[in-house]
Structures are given as C-alpha cells and as structure tokens.
>>> print(open('my_file_34.txt').read())   # compact mmCIF, C-alpha atoms and all ligand atoms
# COMPACT_ATOMS: atom_id res chain seq x y z
CA MET A 135 -143.88 69.87 -56.13
CA LYS A 136 -142.16 67.02 -57.91
CA ARG A 137 -138.89 68.90 -58.07
CA ARG A 138 -139.12 69.82 -54.38
CA GLU A 139 -139.75 66.20 -53.47
CA PHE A 140 -136.78 65.15 -55.53
CA ILE A 141 -134.57 67.63 -53.67
CA LYS A 142 -135.89 66.36 -50.34
CA SER A 143 -135.44 62.71 -51.17
CA SER A 144 -131.94 63.19 -52.51
CA GLY A 145 -130.97 64.88 -49.23
CA LEU A 146 -130.13 68.26 -50.70
CA ALA A 147 -131.09 71.27 -48.61
CA SER A 148 -132.34 74.14 -50.72
CA ALA A 149 -129.54 76.39 -49.39
CA ALA A 150 -126.91 73.91 -50.50
CA LEU A 151 -128.53 73.62 -53.89
CA GLY A 152 -128.50 77.43 -54.14
CA SER A 153 -124.79 77.65 -53.44
CA THR A 154 -124.06 74.84 -55.90
CA VAL A 155 -125.87 76.80 -58.56
CA LEU A 156 -124.21 80.11 -57.63
CA SER A 157 -120.66 78.84 -57.49
CA SER A 158 -118.87 77.78 -60.60
CA PRO A 159 -116.75 74.66 -60.01
CA ALA A 160 -115.21 74.80 -63.48
CA VAL A 161 -113.80 78.28 -62.90
CA HIS A 162 -112.51 77.31 -59.43
CA ALA A 163 -110.80 74.18 -60.65
CA GLY A 164 -109.05 76.18 -63.33
CA SER A 165 -107.81 78.97 -61.04
CA SER A 166 -107.14 77.18 -57.77
CA ILE A 167 -103.80 78.06 -56.19
CA GLN A 168 -102.14 75.58 -53.84
CA TRP A 169 -99.84 76.62 -51.03
CA LYS A 170 -97.78 74.63 -48.57
CA MET A 171 -97.65 75.55 -44.87
CA VAL A 172 -94.72 74.12 -42.88
CA THR A 173 -94.99 74.12 -39.09
CA SER A 174 -92.80 73.70 -36.01
CA TRP A 175 -95.34 71.37 -34.36
CA PRO A 176 -96.12 67.67 -34.50
CA LYS A 177 -98.94 67.12 -37.02
CA ASN A 178 -102.34 67.81 -35.40
CA PHE A 179 -100.74 68.68 -32.01
CA PRO A 180 -103.48 70.18 -29.77
CA GLY A 181 -103.77 73.96 -30.08
CA LEU A 182 -100.62 74.53 -32.17
CA GLY A 183 -100.91 71.91 -34.93
CA THR A 184 -104.69 72.13 -34.92
CA GLY A 185 -104.32 75.94 -34.99
CA ALA A 186 -102.33 75.58 -38.22
CA ASN A 187 -105.05 73.30 -39.63
CA PHE A 188 -107.71 75.84 -38.64
CA LEU A 189 -105.86 78.68 -40.38
CA ALA A 190 -105.44 76.61 -43.57
CA LYS A 191 -109.13 75.65 -43.54
CA LEU A 192 -110.16 79.30 -43.03
CA ILE A 193 -108.11 80.45 -46.02
CA GLY A 194 -109.64 77.72 -48.17
CA GLU A 195 -113.19 78.56 -47.08
CA MET A 196 -112.86 82.34 -47.17
CA SER A 197 -111.42 82.18 -50.68
CA GLY A 198 -114.15 79.82 -51.88
CA GLY A 199 -111.47 77.27 -52.71
CA ARG A 200 -109.44 79.63 -54.91
CA LEU A 201 -106.49 79.30 -52.52
CA THR A 202 -105.93 76.03 -50.67
CA VAL A 203 -103.22 75.44 -48.09
CA LYS A 204 -101.75 72.02 -47.27
CA VAL A 205 -100.33 71.78 -43.74
CA TYR A 206 -97.13 69.86 -42.96
CA GLY A 207 -96.19 68.76 -39.43
CA ALA A 208 -92.60 69.13 -38.21
CA LYS A 209 -90.24 66.86 -40.18
CA GLU A 210 -92.83 66.07 -42.86
CA LEU A 211 -91.29 68.54 -45.29
CA VAL A 212 -88.66 70.30 -43.15
CA PRO A 213 -87.54 70.00 -39.48
CA ALA A 214 -89.37 72.05 -36.82
CA LEU A 215 -86.67 74.69 -36.52
CA GLU A 216 -86.14 75.19 -40.26
CA VAL A 217 -89.53 76.73 -40.98
CA PHE A 218 -88.09 80.23 -41.47
CA ASP A 219 -85.54 79.02 -44.04
CA ALA A 220 -88.13 76.91 -45.87
CA VAL A 221 -90.41 79.92 -46.39
CA TYR A 222 -87.45 82.16 -47.18
CA ASP A 223 -86.21 79.85 -49.95
CA GLY A 224 -89.72 79.12 -51.29
CA THR A 225 -89.87 75.43 -50.29
CA ALA A 226 -93.20 76.47 -48.73
CA GLU A 227 -95.22 79.65 -49.22
CA MET A 228 -96.13 79.86 -45.55
CA GLY A 229 -94.94 78.77 -42.10
CA HIS A 230 -96.55 78.43 -38.65
CA SER A 231 -94.09 78.89 -35.80
CA GLY A 232 -92.72 81.22 -33.11
CA ALA A 233 -90.52 84.24 -33.87
CA TYR A 234 -88.00 83.66 -31.06
CA TYR A 235 -86.78 80.51 -32.81
CA TRP A 236 -85.13 82.81 -35.37
CA LYS A 237 -82.89 84.85 -33.04
CA GLY A 238 -79.95 83.51 -35.09
CA LYS A 239 -81.34 85.51 -38.07
CA SER A 240 -82.00 88.62 -36.01
CA GLU A 241 -82.10 88.92 -32.24
CA ALA A 242 -84.97 91.39 -32.57
CA THR A 243 -87.33 88.56 -33.64
CA GLN A 244 -87.63 87.63 -29.96
CA PHE A 245 -89.69 90.73 -29.14
CA PHE A 246 -92.46 89.40 -31.39
CA SER A 247 -92.97 86.16 -29.49
CA ALA A 248 -92.13 86.62 -25.83
CA VAL A 249 -90.16 88.91 -23.55
CA PRO A 250 -89.67 87.76 -19.94
CA PHE A 251 -91.89 89.84 -17.64
CA GLY A 252 -93.15 91.53 -20.83
CA LEU A 253 -96.69 91.70 -22.20
CA THR A 254 -99.73 89.47 -21.64
CA ALA A 255 -101.69 88.10 -24.62
CA GLN A 256 -104.18 90.97 -24.47
CA GLU A 257 -101.32 93.47 -24.28
CA MET A 258 -99.35 91.81 -27.10
CA ASN A 259 -102.37 92.14 -29.38
CA GLY A 260 -102.74 95.78 -28.31
CA TRP A 261 -99.09 96.53 -29.07
CA LEU A 262 -99.04 94.62 -32.37
CA TYR A 263 -102.32 95.87 -33.85
CA HIS A 264 -102.66 99.35 -32.36
CA GLY A 265 -99.33 100.24 -30.74
CA GLY A 266 -96.88 100.09 -33.66
CA GLY A 267 -95.61 96.52 -33.09
CA MET A 268 -96.89 95.05 -36.33
CA GLU A 269 -95.22 97.77 -38.39
CA LEU A 270 -91.84 97.02 -36.77
CA TRP A 271 -92.27 93.27 -37.21
CA THR A 272 -93.21 93.75 -40.88
CA GLU A 273 -90.18 95.99 -41.46
CA LEU A 274 -87.87 93.41 -39.83
CA TYR A 275 -89.14 90.43 -41.87
CA ASP A 276 -89.20 92.48 -45.06
CA GLN A 277 -85.38 92.33 -45.05
CA PHE A 278 -85.76 88.56 -45.57
CA GLY A 279 -88.52 88.81 -48.22
CA LEU A 280 -91.06 87.60 -45.66
CA VAL A 281 -94.34 88.92 -44.27
CA PRO A 282 -95.23 88.13 -40.63
CA ALA A 283 -98.65 87.80 -39.00
CA ALA A 284 -99.81 86.98 -35.48
CA ILE A 285 -101.78 83.73 -35.63
CA GLY A 286 -102.26 82.76 -32.01
CA ASN A 287 -101.35 83.19 -28.40
CA THR A 288 -101.30 80.69 -25.53
CA GLY A 289 -101.80 83.19 -22.73
CA VAL A 290 -99.47 83.08 -19.68
CA GLN A 291 -97.48 79.87 -19.88
CA MET A 292 -96.31 77.63 -17.04
CA GLY A 293 -92.84 77.93 -15.49
CA GLY A 294 -91.94 74.37 -16.41
CA TRP A 295 -91.28 70.83 -15.21
CA PHE A 296 -88.47 70.20 -12.72
CA ASN A 297 -87.20 67.18 -10.80
CA LYS A 298 -85.59 69.36 -8.13
CA GLU A 299 -87.15 72.06 -5.99
CA ILE A 300 -86.43 75.66 -6.94
CA ASN A 301 -86.18 77.47 -3.61
CA SER A 302 -83.73 80.16 -4.64
CA VAL A 303 -82.30 81.43 -7.89
CA ASN A 304 -79.10 79.48 -7.01
CA ASP A 305 -81.05 76.24 -7.58
CA LEU A 306 -81.02 77.11 -11.29
CA LYS A 307 -77.18 76.90 -11.36
CA GLY A 308 -75.98 74.02 -13.50
CA LEU A 309 -79.53 73.20 -14.59
CA LYS A 310 -79.84 72.08 -18.21
CA MET A 311 -83.26 73.24 -19.28
CA ARG A 312 -85.14 73.51 -22.53
CA ILE A 313 -86.18 77.15 -22.64
CA PRO A 314 -85.95 79.14 -25.90
CA GLY A 315 -85.54 82.84 -26.63
CA LEU A 316 -84.82 85.54 -24.07
CA GLY A 317 -86.02 83.29 -21.23
CA GLY A 318 -83.11 81.02 -22.08
CA GLU A 319 -80.70 83.98 -21.91
CA VAL A 320 -82.02 84.76 -18.43
CA LEU A 321 -81.49 81.14 -17.32
CA LYS A 322 -77.91 81.36 -18.62
CA ARG A 323 -77.41 84.55 -16.60
CA ALA A 324 -78.63 82.62 -13.53
CA GLY A 325 -75.96 79.96 -14.14
CA GLY A 326 -78.08 77.41 -16.01
CA THR A 327 -77.67 75.94 -19.48
CA PRO A 328 -80.55 76.71 -21.84
CA VAL A 329 -81.18 74.42 -24.78
CA ASN A 330 -83.73 74.73 -27.54
CA LEU A 331 -85.29 71.51 -28.70
CA PRO A 332 -88.46 71.12 -30.79
CA GLY A 333 -91.54 70.16 -28.76
CA GLY A 334 -91.69 66.67 -30.22
CA GLU A 335 -88.29 65.78 -28.69
CA LEU A 336 -88.91 67.07 -25.17
CA PHE A 337 -90.46 64.07 -23.44
CA THR A 338 -87.66 61.70 -24.41
CA ALA A 339 -84.99 64.26 -23.52
CA LEU A 340 -86.54 64.86 -20.09
CA LYS A 341 -87.21 61.19 -19.36
CA SER A 342 -83.70 60.11 -20.36
CA GLY A 343 -82.01 62.90 -18.40
CA THR A 344 -80.56 64.60 -21.49
CA ILE A 345 -82.16 67.71 -19.98
CA ASP A 346 -82.95 68.31 -16.29
CA ALA A 347 -86.02 70.47 -16.82
CA THR A 348 -88.25 71.83 -19.54
CA GLU A 349 -90.83 74.43 -20.16
CA TRP A 350 -93.25 73.93 -23.05
CA VAL A 351 -96.58 75.72 -22.98
CA GLY A 352 -99.20 75.09 -20.29
CA PRO A 353 -101.51 72.36 -18.95
CA TYR A 354 -103.37 71.69 -22.23
CA ASN A 355 -100.16 71.02 -24.21
CA ASP A 356 -98.03 69.67 -21.35
CA LEU A 357 -100.64 67.01 -20.56
CA ALA A 358 -100.64 65.98 -24.24
CA PHE A 359 -96.87 65.37 -24.12
CA GLY A 360 -97.13 63.46 -20.80
CA PHE A 361 -94.41 65.44 -18.97
CA TYR A 362 -95.97 64.40 -15.64
CA LYS A 363 -94.43 60.95 -16.30
CA ALA A 364 -90.94 62.45 -16.45
CA ALA A 365 -90.79 65.23 -13.83
CA LYS A 366 -92.07 65.74 -10.30
CA HIS A 367 -92.71 69.46 -9.89
CA TYR A 368 -94.81 71.71 -12.11
CA TYR A 369 -93.92 75.34 -11.42
CA TYR A 370 -95.84 78.53 -12.19
CA PRO A 371 -96.03 81.24 -13.43
CA GLY A 372 -94.31 81.31 -16.82
CA TRP A 373 -92.37 84.51 -16.09
CA HIS A 374 -90.47 84.02 -19.35
CA GLU A 375 -93.54 83.79 -21.62
CA PRO A 376 -96.39 85.91 -20.25
CA GLY A 377 -98.28 86.10 -23.55
CA PRO A 378 -96.29 84.52 -26.36
CA THR A 379 -97.50 85.25 -29.87
CA LEU A 380 -97.34 82.50 -32.47
CA GLU A 381 -96.54 83.62 -35.99
CA ALA A 382 -97.33 83.00 -39.61
CA ILE A 383 -94.35 83.59 -41.88
CA ILE A 384 -95.42 84.25 -45.45
CA ASN A 385 -93.19 84.37 -48.51
CA LYS A 386 -93.66 87.96 -49.71
CA LYS A 387 -93.31 87.14 -53.40
CA ALA A 388 -95.93 84.39 -53.13
CA LEU A 389 -98.29 86.68 -51.21
CA ARG A 390 -97.91 89.62 -53.59
CA SER A 391 -98.48 87.41 -56.63
CA LEU A 392 -102.01 86.62 -55.37
CA PRO A 393 -105.01 88.68 -56.54
CA ALA A 394 -105.60 91.59 -54.13
CA ASP A 395 -108.69 90.04 -52.53
CA LEU A 396 -106.85 86.79 -51.75
CA GLN A 397 -104.04 88.75 -50.08
CA VAL A 398 -106.62 90.40 -47.83
CA ILE A 399 -108.20 87.02 -47.12
CA VAL A 400 -104.85 85.49 -46.07
CA MET A 401 -104.07 88.36 -43.68
CA ASN A 402 -107.56 88.41 -42.18
CA ALA A 403 -107.68 84.63 -41.78
CA CYS A 404 -104.51 85.07 -39.70
CA ARG A 405 -106.29 87.63 -37.57
CA VAL A 406 -109.24 85.28 -36.95
CA ALA A 407 -106.86 82.42 -36.09
CA ASN A 408 -104.99 84.69 -33.67
CA GLN A 409 -108.16 85.35 -31.70
CA ASP A 410 -109.36 81.75 -31.83
CA MET A 411 -106.18 80.16 -30.45
CA LEU A 412 -106.19 82.32 -27.33
CA ALA A 413 -109.85 81.48 -26.73
CA GLU A 414 -109.07 77.78 -27.09
CA TYR A 415 -106.12 77.84 -24.66
CA THR A 416 -108.09 79.92 -22.17
CA THR A 417 -110.73 77.18 -22.11
CA ARG A 418 -108.66 73.99 -22.40
CA ASN A 419 -105.90 74.87 -19.92
CA ASN A 420 -108.36 74.85 -17.02
CA ASP A 421 -109.65 71.35 -17.78
CA ALA A 422 -106.15 69.97 -18.37
CA LEU A 423 -104.84 71.41 -15.10
CA GLN A 424 -107.58 69.58 -13.17
CA ILE A 425 -106.58 66.29 -14.83
CA LEU A 426 -102.88 66.87 -14.07
CA VAL A 427 -103.52 67.67 -10.41
CA ASN A 428 -106.42 65.34 -9.60
CA THR A 429 -105.77 62.31 -11.82
CA HIS A 430 -102.00 62.39 -12.20
CA LYS A 431 -101.28 63.92 -8.75
CA VAL A 432 -98.84 66.47 -10.16
CA ASP A 433 -97.03 68.60 -7.56
CA LEU A 434 -98.10 72.13 -8.55
CA ARG A 435 -95.86 74.86 -7.10
CA LYS A 436 -95.45 78.61 -7.35
CA PHE A 437 -91.91 79.93 -7.78
CA PRO A 438 -90.98 81.68 -4.51
CA ASP A 439 -91.40 85.47 -4.72
CA ASP A 440 -87.67 86.14 -4.31
CA VAL A 441 -86.89 83.75 -7.18
CA LEU A 442 -89.31 85.70 -9.38
CA SER A 443 -87.89 89.07 -8.35
CA ASP A 444 -84.30 87.86 -8.97
CA LEU A 445 -85.36 86.56 -12.39
CA LYS A 446 -87.01 89.89 -13.14
CA LYS A 447 -83.78 91.76 -12.38
CA LEU A 448 -81.81 89.39 -14.63
CA SER A 449 -84.47 89.72 -17.36
CA ASP A 450 -84.22 93.50 -17.36
CA GLU A 451 -80.41 93.24 -17.68
CA VAL A 452 -80.66 90.75 -20.56
CA VAL A 453 -83.14 92.85 -22.54
CA GLU A 454 -81.31 96.16 -21.88
CA GLU A 455 -78.04 94.62 -23.04
CA LEU A 456 -79.67 93.23 -26.17
CA ALA A 457 -80.99 96.70 -27.00
CA ALA A 458 -77.51 98.15 -26.39
CA ARG A 459 -75.73 95.80 -28.81
CA ASP A 460 -78.27 95.31 -31.63
CA PRO A 461 -79.58 98.46 -33.41
CA TYR A 462 -82.85 96.95 -34.65
CA SER A 463 -83.55 95.46 -31.21
CA ALA A 464 -83.00 98.96 -29.79
CA LYS A 465 -85.65 100.35 -32.13
CA VAL A 466 -88.16 97.61 -31.25
CA TYR A 467 -87.37 97.81 -27.53
CA LEU A 468 -88.08 101.54 -27.48
CA SER A 469 -91.59 100.91 -28.81
CA PHE A 470 -92.13 97.78 -26.67
CA LYS A 471 -90.95 99.40 -23.45
CA SER A 472 -92.94 102.57 -23.88
CA TYR A 473 -96.06 100.49 -24.60
CA ARG A 474 -95.40 98.21 -21.61
CA ASP A 475 -94.93 101.15 -19.22
CA LYS A 476 -98.22 102.72 -20.32
CA VAL A 477 -100.24 99.51 -20.29
CA VAL A 478 -98.85 98.36 -16.93
CA SER A 479 -99.92 101.65 -15.44
CA TYR A 480 -103.44 101.36 -16.85
CA HIS A 481 -103.83 97.65 -16.16
CA LYS A 482 -102.89 98.26 -12.54
CA ILE A 483 -106.19 100.06 -12.05
CA SER A 484 -108.23 97.92 -14.48
CA GLU A 485 -107.41 94.24 -15.22
CA GLN A 486 -105.19 93.75 -12.18
CA ALA A 487 -107.41 95.63 -9.72
CA PHE A 488 -110.41 93.67 -10.91
CA MET A 489 -108.63 90.29 -10.73
CA ASP A 490 -107.38 91.08 -7.21
CA ALA A 491 -110.91 92.04 -6.17
CA ARG A 492 -112.41 88.93 -7.75
CA ALA A 493 -109.86 86.63 -6.12
CA ARG A 494 -110.66 88.07 -2.70
CA GLY A 495 -114.33 87.17 -3.27
CA CA A 501 -92.89 77.98 -24.00
>>> encode(input="my_file_34.txt", output="structure tokens", more="lines below")
Ligand code: CA
Amino acid sequence: MKRREFIKSSGLASAALGSTVLSSPAVHAGSSIQWKMVTSWPKNFPGLGTGANFLAKLIGEMSGGRLTVKVYGAKELVPALEVFDAVYDGTAEMGHSGAYYWKGKSEATQFFSAVPFGLTAQEMNGWLYHGGGMELWTELYDQFGLVPAAIGNTGVQMGGWFNKEINSVNDLKGLKMRIPGLGGEVLKRAGGTPVNLPGGELFTALKSGTIDATEWVGPYNDLAFGFYKAAKHYYYPGWHEPGPTLEAIINKKALRSLPADLQVIVMNACRVANQDMLAEYTTRNNDALQILVNTHKVDLRKFPDDVLSDLKKLSDEVVEELAARDPYSAKVYLSFKSYRDKVVSYHKISEQAFMDARARG
C-alpha cells in the first residue's frame, strides 16, 4: 500500500512506471543514431513542415529512441531546392520534398509527384503501392544512391492566384507564373513563362509583381501564406496537380547501415505519414476555404471548360513528347498511362458516379 501511495503521490501512472522498468535507458543512450532531415518547406509550415515533424517524431517513437531525426526548415541547413543534393552528398541522411523539383536530375522524377490531368491522391497511392509505381521510382533513385518513399499527398490542388481573369487559354500568354514540373511546361506551351520559386518566396514575388500569378497548394496552405492580400482571383481546379505526392529522399548508404528492424521502421513510418497528410489536407482545406471566401472575400472562380480542355490537349502533348525524348520517362509513362486508363474507366462507374449522384442530392 505504501509503495502504491508513493507512486500515486509522485504522479507516476503504473503503466508509465512499467515502461520505465521495461526499457533500458543506458542501452538506448549508447546506441542512439541521429539523422538529419532537410526539407523544402519553411520550418513548421502547416501540413508540409508539420508533416516532416510528424514523420521524424514517428521514427523516433517507433524505434524507441534508437533512431532520432532532427528536422531542418528550408535554408536552415540547405536551401529549399537543394534537398536532393544534400541527401545525395550525405549532408543529411533524409529529405522531405517533391520529386518534380528534381527534373534537372532526371525528367522522369516528375511522374512521381504530379502529372497534369493525371492521377488523384487515391489513384497515386494505388499506382505506387500496388500498380508498379514504387518499383520504378526506387529504380530511378537508385542510380543516385537514394531511396524514395511517398510521405504525403495534398489531394487536388487549386489552380492558383491571378490578378487577371482567365477567360481563354490566350489569357495565359505572356503570364509569368510560379508553377513547377510538367504543369510549368504546359504553361510554357500556352505562351506563358513558368518559374519555380520555393514556397517561402512566393508572397513577396506576387505582391511585388516579380511574378503575375502563382499556384501553391490549396486553401489550407494558401491562407497561411496570405496570397489573398496579393491577388484578386482564386481559380480552381488544380488541373496540373490532381494528387501530388510528397516524397522522402533517403540516403541509401545511411539506410542500409541501419539494423534491419530500423530500416523497416523508417519505411513504414513514411507509409503512416503518407496516409496522415492526405487526411489532414482533406479536413483543413474545407475550413480554410470558408475563411478565404467569407472573411477575406476572395473571388473564387472555376477555369472555363474550354480553358481546361485546351490545357488538357497541351498536357497530353507535353507528356507524350517527354516520353518520346527520355528513355526512362518512356518506361515510367508506359506504366503510368496504362494504370491511368484502367483506373479512369473503373472510377467512372464508382468514385465519379457516386460523387455526381451525391452532388445532385
Ligand atoms: Ca502546387
């Protein structure tokens, strides 16, 4: 009784006491491995930066503290768009970013983040985990001594912030817009000038007129950056990023030097983070959209149907041409396209038919 009372009065729950007894702090302290994770996001940025924090915390907890990961925001250790190089050269063991930022390394990377008019988040996960996508991504990054993993998805993004109305595809001519990856190639084909800037630089660039328009993510993230203070029109849908996957880049040598169970923990923590980020965006985007429209009186607009169908034609051209000039892109595109054709056909009578029915009430 006395011992029990002591435990009670010192605020220790019996479960906590049990785990203290079971674990062995001395052994952990002696064998703890520390990794660095560099990211392309401002430190703690909603969804993306916090997603990196969540992944690091998971790895620490799942490994019982045997592997801890310290997260660095963009520019803390390396700039946002140098994450790939930093993991490649071992400056950090791990990175948190988006694969289309690395099209300068291999154009095929773009298939593993977003293809205009490509796959939704649900479909991307289907292709990656059960449709052969992950194997192709792993083979591609292996050439660089890196191991990729999907660690999140934002769902369908928004079309972006514009100060002029987009009534026809000709209105994109001469437009300087931040839009990375294949979406940017499509804008170029429409006569615009795509630029890729890290997220943290977008507000200033838009406000000062360095760029005319920008896409970023969706209401949750776009509200956080305050784009409504720099542009009038908020267009949807994000034709260019229907279900962009975020990536972990892991230094292969660092990963393979871990005990086997820790390697499994790292890869499965990525898988948990991948699911969690999509759930978070699915929830937070709704609330943020209401604030943008009702509090900040944002002008929400749908791209006209003929603009979307013109962009779709240009997108098909851009992706076909990429597959024609780059052998590895051709290999990935074959898998991607065959998956997309099958899933579009099934989703027509399942997801899409249901959503149409639900919208009609
Ligand atoms: Ca985006």
>>> residues_near_ligand(input="my_file_34.txt", ligand="ligand CA 501 (chain A)", cutoff="12 Å", atoms="all atoms listed in the file", output="VMD selection string")
chain A and resid 182 231 to 235 247 to 250 287 to 295 311 to 318 330 to 333 336 348 to 353 355 to 356 371 to 380
>>> closest_residue(input="my_file_34.txt", among="A:Cys404, A:Ala457, A:Leu340, A:Val203", to="A:Ile383", atoms="only C-alpha atoms")
A:Cys404
>>> atom_distance(input="my_file_34.txt", atom1="atom CA of A:Trp169", atom2="atom CA of A:Phe188")
14.7 Å
>>> closest_residue(input="my_file_34.txt", among="A:Phe488, A:Tyr275, A:Phe470, A:Tyr368", to="A:Glu381", atoms="only C-alpha atoms")
A:Tyr275
>>> atom_distance(input="my_file_34.txt", atom1="atom CA of A:Leu392", atom2="atom CA of A:Met258")
28.9 Å
>>> closest_residue(input="my_file_34.txt", among="A:Pro461, A:Gly308, A:Pro282, A:Gly266", to="A:Val221", atoms="all atoms listed in the file")
A:Pro282
>>> closest_residue(input="my_file_34.txt", among="A:Ala403, A:Leu468, A:Leu434, A:Val477", to="A:Gln256", atoms="all atoms listed in the file")
A:Val477
>>> closest_residue(input="my_file_34.txt", among="A:Arg459, A:Ile193, A:Glu241, A:Phe179", to="A:Gln397", atoms="only C-alpha atoms")
A:Ile193
>>> residues_around(input="my_file_34.txt", residues="A:Trp261", least_positions_apart="4", cutoff="12 Å", atoms="all atoms listed in the file", output="number ranges by chain")
A: 245-246, 252-257, 265-271, 284, 377, 379, 466-467, 469-477
>>> atom_distance(input="my_file_34.txt", atom1="atom CA of A:Lys431", atom2="atom CA of A:Ala358")
15.6 Å
